[in-house]
Amino acid sequence: MPGAMYVCSIVLPPGPGSHSPIAPPNRITLFNRKYFHDSSNIICWHFMIAPAISVEHLTRHFKVRAGKTGQGWARWFKKGGYDNFTAVSDLSFTTENGAKVAFIGPNGAGKSTTLKMLCGLLRPSAGCAQVCGYVPWEQTRALASRIGLVFGQRSHLWQALPVQDSFDLLAKIYDLTPGVYKTQRDKLVGVFGLAGLLTQPARTLSLGQRMRCDLAAALLHQPSVLFLDEPTIGLDVTAKALLRDHLNALAREFETTILLTSHDTDDIERICERVILIDHGSKLLDSSLAELRRDYTRFKTLVLATDEERPLFQRAGVGVIEQAPHRLVLNVDVSEVALEQVVSECLSSFKLQDISIENMPLEEVIKAIYARRRSGA
Amino acid sequence: MKLHHRLSVFTASARLGFKQVLDERLALLGGFLMYATLVIAYAGVFRWITAADLAAHRLTFSQLVWYLGTTEFVLFCGSFAYFRELQQEIQSDQIHLALLRPCPVWIVKLGEWSGQYAGRFIALALPCYVLSYYAAGQTGLGFGSVVGIVAGLPMAGFIMVACAFMLGASCLWLAQAEPAFWIWQKCLFLLGALLWPLALYPEAARDK
């Protein structure tokens, strides 16, 4: 069984006038929910604590049709073979309960394939994984009640129906009792500011409003783990900021584990604490965001606005990030060259309108990691 | 998953489908106008058949109109768009969200579509009956037949939406569901909701 796991018991006094067990905190992932009343009517919880997500040597190959060779009619009669394509290769990581993890990589890196395996949509070719203590591809239905999904370009809502109706139906699907459903819905309506949207058909909502409703729909059943795939795609700056704030509020309020995939580094910076970087299906880096920043603080970004239309600058330890008319953005490795020296050379080389020094943006940090790994390979 | 949970999801989906249809009044009106055009046009065509020809097959003009009216009513209460809806969800991966819920997709879909069928059935039954009566000139059917038809219509509707689900799901294997739909549609025409009763088919075709 992958990941660290502990067997625990909690002894609780009985609830007032009730024989039902008291609900355990959401941070604790239970997969062996056993309780009993002992002779003094005390409720004992026996459970095991597992990491929210635990992945070991996960690998997934796909068979893809190989292109036929030959020309003209000969192509028609040739039998095409198959090639093996490895989407995810020997991927291992563990995510603790309540963690907020960014799972990032370029297009085709294997993010979606990994996410599909962790949800139970795909069976891996090798390796094992557990989400909330369940093996996703074997216990998909059981796991479904413990996870929430938000895909930026897909919706939980029935487009022709008012949002409230979609919520009602989802409550039935997740078999929520009316009391639990009402409490959770009211809480989510408060957190996401949905009071005015509930009676509107989903198709009449703006993208930002729809995303907030979708997020609420994904959380109605109080999932322990939330998978977010490009949740801010297509949103404007204000809506993105609002959604990120809501996600942070949600993580605080419900202690939900978040696994986020996004190409927007602002999403990662504002929501996540940890970054897992993958490329060609393999893990390149697994580190906290703070560590990542610390490792790359030796890089500074120098933004110059010049009188010269085409400013050019070349020097060891200095890379060009962007070159545009009257604008030059440089990446300075301060371990190789002093920042003051570069600034003074710039002052003598160009007529400057403006100059600013920034830490390396996360996007550039990620690019630098990829570049370093590729050159290393 | 317990049976009563499945049933409660089915009825909740059906309720939503029902509500959705009743909210779309213009679509209902459009459906009725289309139905009316079809029944009136074919009633006009049936008038060209001489009473003697019909009598040879132990049929009357009103029976033909009622046959057409009833079978078309089933088609108009359902929708050919269902299979495309499912196909589109599968092809766009929207189905992934539905697959990752504790309740199977088919229960929700069949519930929703059955609710829509029931909604159109209730909304259109009276106007379609009046129109068919007007076109046929009389009821043309005995009490036993009417009871049989009324009892059979919900089942016909359920079979129709179940077929639509299977047609939509066929795109998982066939990439496109349209070819399967065309075959189903032709079979429906020949074997199910016949525009011409078998009695009026040429002798050779009828005997086969």
# chains A, B, ... in the order shown; residues from 1 in each chain; ligands from 1
$ residues_around --residues "Leu22 in chain B" --least-positions-apart "6" --cutoff "9 Å" --atoms "only C-alpha atoms" --output "ChimeraX atom specification"
/B:28,116,119-120,123
$ write_last_selection --atoms "C-alpha atoms" --output "PDB file, in the first residue's frame"
ATOM      1  CA  LEU B  28     -43.792  23.041 -27.755  1.00  0.00           C
ATOM      2  CA  GLN B 116     -39.034  15.573 -21.215  1.00  0.00           C
ATOM      3  CA  GLY B 119     -43.760  16.822 -20.355  1.00  0.00           C
ATOM      4  CA  ARG B 120     -44.401  16.911 -24.112  1.00  0.00           C
ATOM      5  CA  ALA B 123     -48.705  19.271 -23.022  1.00  0.00           C
TER       6      ALA B 123
END
$ interface_residues --of "chain B" --to "chain A" --cutoff "6 Å" --atoms "only C-alpha atoms" --output "list in words"
Val9, Gln94, Leu100, Arg101, Pro102 and Cys103 of chain B
$ residues_around --residues "Leu292 in chain A" --least-positions-apart "3" --cutoff "12 Å" --atoms "only C-alpha atoms" --output "list in words"
Glu269, Glu273, Arg274, Val275, Ile276, Leu277, Leu285, Asp286, Ser287, Ser288, Leu289, Asp295, Tyr296, Thr297, Arg298, Phe299, Met360, Pro361, Leu362, Glu363, Glu364, Val365, Ile366, Ala368 and Ile369 of chain A
$ select_by_dssp --residues "range 172-241 of chain A" --states "alpha helix (DSSP H)" --output "ChimeraX atom specification"
/A:172-173,178-192,207-219,237-241
$ residues_around --residues "Met160 in chain B" --least-positions-apart "3" --cutoff "9 Å" --atoms "only C-alpha atoms" --output "ChimeraX atom specification"
/B:74-75,78-79,155-157,163-165
$ residues_around --residues "Leu215 in chain A" --least-positions-apart "2" --cutoff "10 Å" --atoms "only C-alpha atoms" --output "PDB file with N, CA and C atoms, in the first residue's frame"
ATOM      1  N   GLY A 148     -13.817  16.085  -5.918  1.00  0.00           N
ATOM      2  CA  GLY A 148     -14.546  17.077  -6.693  1.00  0.00           C
ATOM      3  C   GLY A 148     -13.715  17.440  -7.911  1.00  0.00           C
ATOM      4  N   LEU A 149     -14.385  17.728  -8.993  1.00  0.00           N
ATOM      5  CA  LEU A 149     -13.664  18.024 -10.231  1.00  0.00           C
ATOM      6  C   LEU A 149     -14.125  19.348 -10.799  1.00  0.00           C
ATOM      7  N   VAL A 150     -13.172  20.170 -11.188  1.00  0.00           N
ATOM      8  CA  VAL A 150     -13.517  21.396 -11.917  1.00  0.00           C
ATOM      9  C   VAL A 150     -12.617  21.456 -13.141  1.00  0.00           C
ATOM     10  N   PHE A 151     -13.229  21.313 -14.306  1.00  0.00           N
ATOM     11  CA  PHE A 151     -12.491  21.421 -15.557  1.00  0.00           C
ATOM     12  C   PHE A 151     -12.929  22.728 -16.200  1.00  0.00           C
ATOM     13  N   GLY A 152     -11.944  23.565 -16.523  1.00  0.00           N
ATOM     14  CA  GLY A 152     -12.244  24.918 -17.027  1.00  0.00           C
ATOM     15  C   GLY A 152     -13.207  24.954 -18.190  1.00  0.00           C
ATOM     16  N   SER A 155     -18.673  21.735 -17.738  1.00  0.00           N
ATOM     17  CA  SER A 155     -19.517  22.263 -16.665  1.00  0.00           C
ATOM     18  C   SER A 155     -20.334  21.166 -15.982  1.00  0.00           C
ATOM     19  N   HIS A 156     -20.538  21.354 -14.684  1.00  0.00           N
ATOM     20  CA  HIS A 156     -21.390  20.448 -13.912  1.00  0.00           C
ATOM     21  C   HIS A 156     -22.859  20.795 -14.090  1.00  0.00           C
ATOM     22  N   LEU A 188     -21.803  27.518   0.685  1.00  0.00           N
ATOM     23  CA  LEU A 188     -21.137  27.782  -0.596  1.00  0.00           C
ATOM     24  C   LEU A 188     -21.691  29.031  -1.270  1.00  0.00           C
ATOM     25  N   PHE A 192     -19.072  31.902  -2.274  1.00  0.00           N
ATOM     26  CA  PHE A 192     -18.887  32.262  -3.685  1.00  0.00           C
ATOM     27  C   PHE A 192     -19.802  33.400  -4.149  1.00  0.00           C
ATOM     28  N   GLN A 209     -19.136  33.910 -13.688  1.00  0.00           N
ATOM     29  CA  GLN A 209     -20.248  33.460 -12.822  1.00  0.00           C
ATOM     30  C   GLN A 209     -20.413  31.957 -12.926  1.00  0.00           C
ATOM     31  N   ARG A 210     -20.299  31.450 -14.164  1.00  0.00           N
ATOM     32  CA  ARG A 210     -20.468  30.008 -14.364  1.00  0.00           C
ATOM     33  C   ARG A 210     -19.389  29.224 -13.632  1.00  0.00           C
ATOM     34  N   MET A 211     -18.165  29.750 -13.668  1.00  0.00           N
ATOM     35  CA  MET A 211     -17.076  29.043 -12.995  1.00  0.00           C
ATOM     36  C   MET A 211     -17.301  28.992 -11.487  1.00  0.00           C
ATOM     37  N   ARG A 212     -17.819  30.098 -10.935  1.00  0.00           N
ATOM     38  CA  ARG A 212     -18.082  30.105  -9.490  1.00  0.00           C
ATOM     39  C   ARG A 212     -19.175  29.082  -9.154  1.00  0.00           C
ATOM     40  N   CYS A 213     -20.202  29.048 -10.008  1.00  0.00           N
ATOM     41  CA  CYS A 213     -21.289  28.074  -9.777  1.00  0.00           C
ATOM     42  C   CYS A 213     -20.763  26.645  -9.923  1.00  0.00           C
ATOM     43  N   ALA A 217     -20.788  23.672  -7.315  1.00  0.00           N
ATOM     44  CA  ALA A 217     -21.400  22.380  -7.648  1.00  0.00           C
ATOM     45  C   ALA A 217     -20.433  21.232  -7.336  1.00  0.00           C
ATOM     46  N   ALA A 218     -19.139  21.477  -7.584  1.00  0.00           N
ATOM     47  CA  ALA A 218     -18.136  20.430  -7.335  1.00  0.00           C
ATOM     48  C   ALA A 218     -17.899  20.215  -5.845  1.00  0.00           C
ATOM     49  N   LEU A 219     -18.338  21.172  -5.028  1.00  0.00           N
ATOM     50  CA  LEU A 219     -18.057  21.090  -3.589  1.00  0.00           C
ATOM     51  C   LEU A 219     -19.281  20.753  -2.743  1.00  0.00           C
ATOM     52  N   LEU A 220     -20.418  20.587  -3.405  1.00  0.00           N
ATOM     53  CA  LEU A 220     -21.667  20.337  -2.659  1.00  0.00           C
ATOM     54  C   LEU A 220     -21.554  19.120  -1.742  1.00  0.00           C
ATOM     55  N   LEU A 226      -9.878  18.056  -4.289  1.00  0.00           N
ATOM     56  CA  LEU A 226     -10.453  18.800  -5.415  1.00  0.00           C
ATOM     57  C   LEU A 226      -9.430  18.842  -6.548  1.00  0.00           C
ATOM     58  N   LEU A 228      -8.480  20.476  -9.972  1.00  0.00           N
ATOM     59  CA  LEU A 228      -8.804  21.662 -10.772  1.00  0.00           C
ATOM     60  C   LEU A 228      -7.965  21.636 -12.043  1.00  0.00           C
ATOM     61  N   PRO A 231      -8.775  26.042 -14.120  1.00  0.00           N
ATOM     62  CA  PRO A 231     -10.048  26.623 -13.670  1.00  0.00           C
ATOM     63  C   PRO A 231     -10.256  28.067 -14.105  1.00  0.00           C
ATOM     64  N   LEU A 243     -11.893  34.402  -8.505  1.00  0.00           N
ATOM     65  CA  LEU A 243     -11.953  32.941  -8.384  1.00  0.00           C
ATOM     66  C   LEU A 243     -10.817  32.414  -7.499  1.00  0.00           C
ATOM     67  N   HIS A 246     -11.684  33.030  -3.986  1.00  0.00           N
ATOM     68  CA  HIS A 246     -12.689  32.063  -3.553  1.00  0.00           C
ATOM     69  C   HIS A 246     -12.053  30.711  -3.255  1.00  0.00           C
ATOM     70  N   LEU A 247     -11.106  30.315  -4.115  1.00  0.00           N
ATOM     71  CA  LEU A 247     -10.453  29.022  -3.905  1.00  0.00           C
ATOM     72  C   LEU A 247      -9.665  29.011  -2.595  1.00  0.00           C
ATOM     73  N   LEU A 250     -12.068  28.813   0.211  1.00  0.00           N
ATOM     74  CA  LEU A 250     -12.594  27.445   0.285  1.00  0.00           C
ATOM     75  C   LEU A 250     -11.595  26.516   0.979  1.00  0.00           C
TER      76      LEU A 250
END
$ residues_around --residues "Glu72 in chain B" --least-positions-apart "6" --cutoff "12 Å" --atoms "only C-alpha atoms" --output "JSON, numbers by chain"
{"B": [31, 32, 34, 35, 36, 37, 38, 39, 42, 65, 66, 78, 79, 121, 124, 125, 128, 129, 132, 153, 156, 157, 188, 189, 192, 193, 194, 195, 196]}
$ residues_around --residues "Pro106 in chain A" --least-positions-apart "6" --cutoff "12 Å" --atoms "only C-alpha atoms" --output "list in words"
Ser112, Thr261, Ser262, His263, Asp264, Leu277, Ile278, Asp279, His280, Gly281, Ser282, Leu284, Glu363, Ile366, Lys367 and Tyr370 of chain A
$ write_last_selection --atoms "N, CA and C atoms" --output "PDB file, in the first residue's frame"
ATOM      1  N   SER A 112      -2.917  15.782 -17.907  1.00  0.00           N
ATOM      2  CA  SER A 112      -4.320  15.331 -17.992  1.00  0.00           C
ATOM      3  C   SER A 112      -4.420  13.821 -17.848  1.00  0.00           C
ATOM      4  N   THR A 261      -3.970  21.963 -12.050  1.00  0.00           N
ATOM      5  CA  THR A 261      -3.131  22.058 -13.248  1.00  0.00           C
ATOM      6  C   THR A 261      -3.531  23.335 -13.961  1.00  0.00           C
ATOM      7  N   SER A 262      -2.533  24.102 -14.333  1.00  0.00           N
ATOM      8  CA  SER A 262      -2.819  25.380 -14.999  1.00  0.00           C
ATOM      9  C   SER A 262      -1.591  25.826 -15.762  1.00  0.00           C
ATOM     10  N   HIS A 263      -1.828  26.554 -16.845  1.00  0.00           N
ATOM     11  CA  HIS A 263      -0.712  27.167 -17.570  1.00  0.00           C
ATOM     12  C   HIS A 263      -0.517  28.601 -17.092  1.00  0.00           C
ATOM     13  N   ASP A 264      -1.410  29.044 -16.211  1.00  0.00           N
ATOM     14  CA  ASP A 264      -1.341  30.413 -15.713  1.00  0.00           C
ATOM     15  C   ASP A 264      -0.536  30.414 -14.409  1.00  0.00           C
ATOM     16  N   LEU A 277       6.498  19.585 -11.120  1.00  0.00           N
ATOM     17  CA  LEU A 277       6.718  19.936 -12.524  1.00  0.00           C
ATOM     18  C   LEU A 277       6.954  18.649 -13.301  1.00  0.00           C
ATOM     19  N   ILE A 278       6.222  18.451 -14.379  1.00  0.00           N
ATOM     20  CA  ILE A 278       6.487  17.240 -15.172  1.00  0.00           C
ATOM     21  C   ILE A 278       6.726  17.605 -16.634  1.00  0.00           C
ATOM     22  N   ASP A 279       7.435  16.746 -17.301  1.00  0.00           N
ATOM     23  CA  ASP A 279       7.679  16.906 -18.737  1.00  0.00           C
ATOM     24  C   ASP A 279       7.871  15.506 -19.320  1.00  0.00           C
ATOM     25  N   HIS A 280       7.299  15.292 -20.490  1.00  0.00           N
ATOM     26  CA  HIS A 280       7.346  13.975 -21.139  1.00  0.00           C
ATOM     27  C   HIS A 280       6.953  12.862 -20.173  1.00  0.00           C
ATOM     28  N   GLY A 281       6.002  13.147 -19.314  1.00  0.00           N
ATOM     29  CA  GLY A 281       5.459  12.138 -18.413  1.00  0.00           C
ATOM     30  C   GLY A 281       6.282  11.862 -17.171  1.00  0.00           C
ATOM     31  N   SER A 282       7.437  12.506 -17.038  1.00  0.00           N
ATOM     32  CA  SER A 282       8.290  12.245 -15.870  1.00  0.00           C
ATOM     33  C   SER A 282       8.368  13.479 -14.983  1.00  0.00           C
ATOM     34  N   LEU A 284       9.996  16.346 -13.071  1.00  0.00           N
ATOM     35  CA  LEU A 284      11.248  17.100 -13.148  1.00  0.00           C
ATOM     36  C   LEU A 284      11.597  17.695 -11.793  1.00  0.00           C
ATOM     37  N   GLU A 363       6.944  32.246 -14.197  1.00  0.00           N
ATOM     38  CA  GLU A 363       6.931  31.699 -15.555  1.00  0.00           C
ATOM     39  C   GLU A 363       8.357  31.506 -16.066  1.00  0.00           C
ATOM     40  N   ILE A 366      10.119  28.647 -14.298  1.00  0.00           N
ATOM     41  CA  ILE A 366       9.738  27.339 -14.861  1.00  0.00           C
ATOM     42  C   ILE A 366      10.441  27.108 -16.197  1.00  0.00           C
ATOM     43  N   LYS A 367      10.469  28.155 -17.015  1.00  0.00           N
ATOM     44  CA  LYS A 367      11.160  28.038 -18.310  1.00  0.00           C
ATOM     45  C   LYS A 367      12.627  27.683 -18.078  1.00  0.00           C
ATOM     46  N   TYR A 370      13.061  24.040 -17.181  1.00  0.00           N
ATOM     47  CA  TYR A 370      12.953  23.182 -18.368  1.00  0.00           C
ATOM     48  C   TYR A 370      14.225  23.272 -19.209  1.00  0.00           C
TER      49      TYR A 370
END
$ atom_distance --atom1 "CA of Gly69 in chain B" --atom2 "CA of Ala118 in chain B"
17.5 Å
$ atom_distance --atom1 "CA of Lys283 in chain A" --atom2 "CA of Ser89 in chain A"
8.4 Å
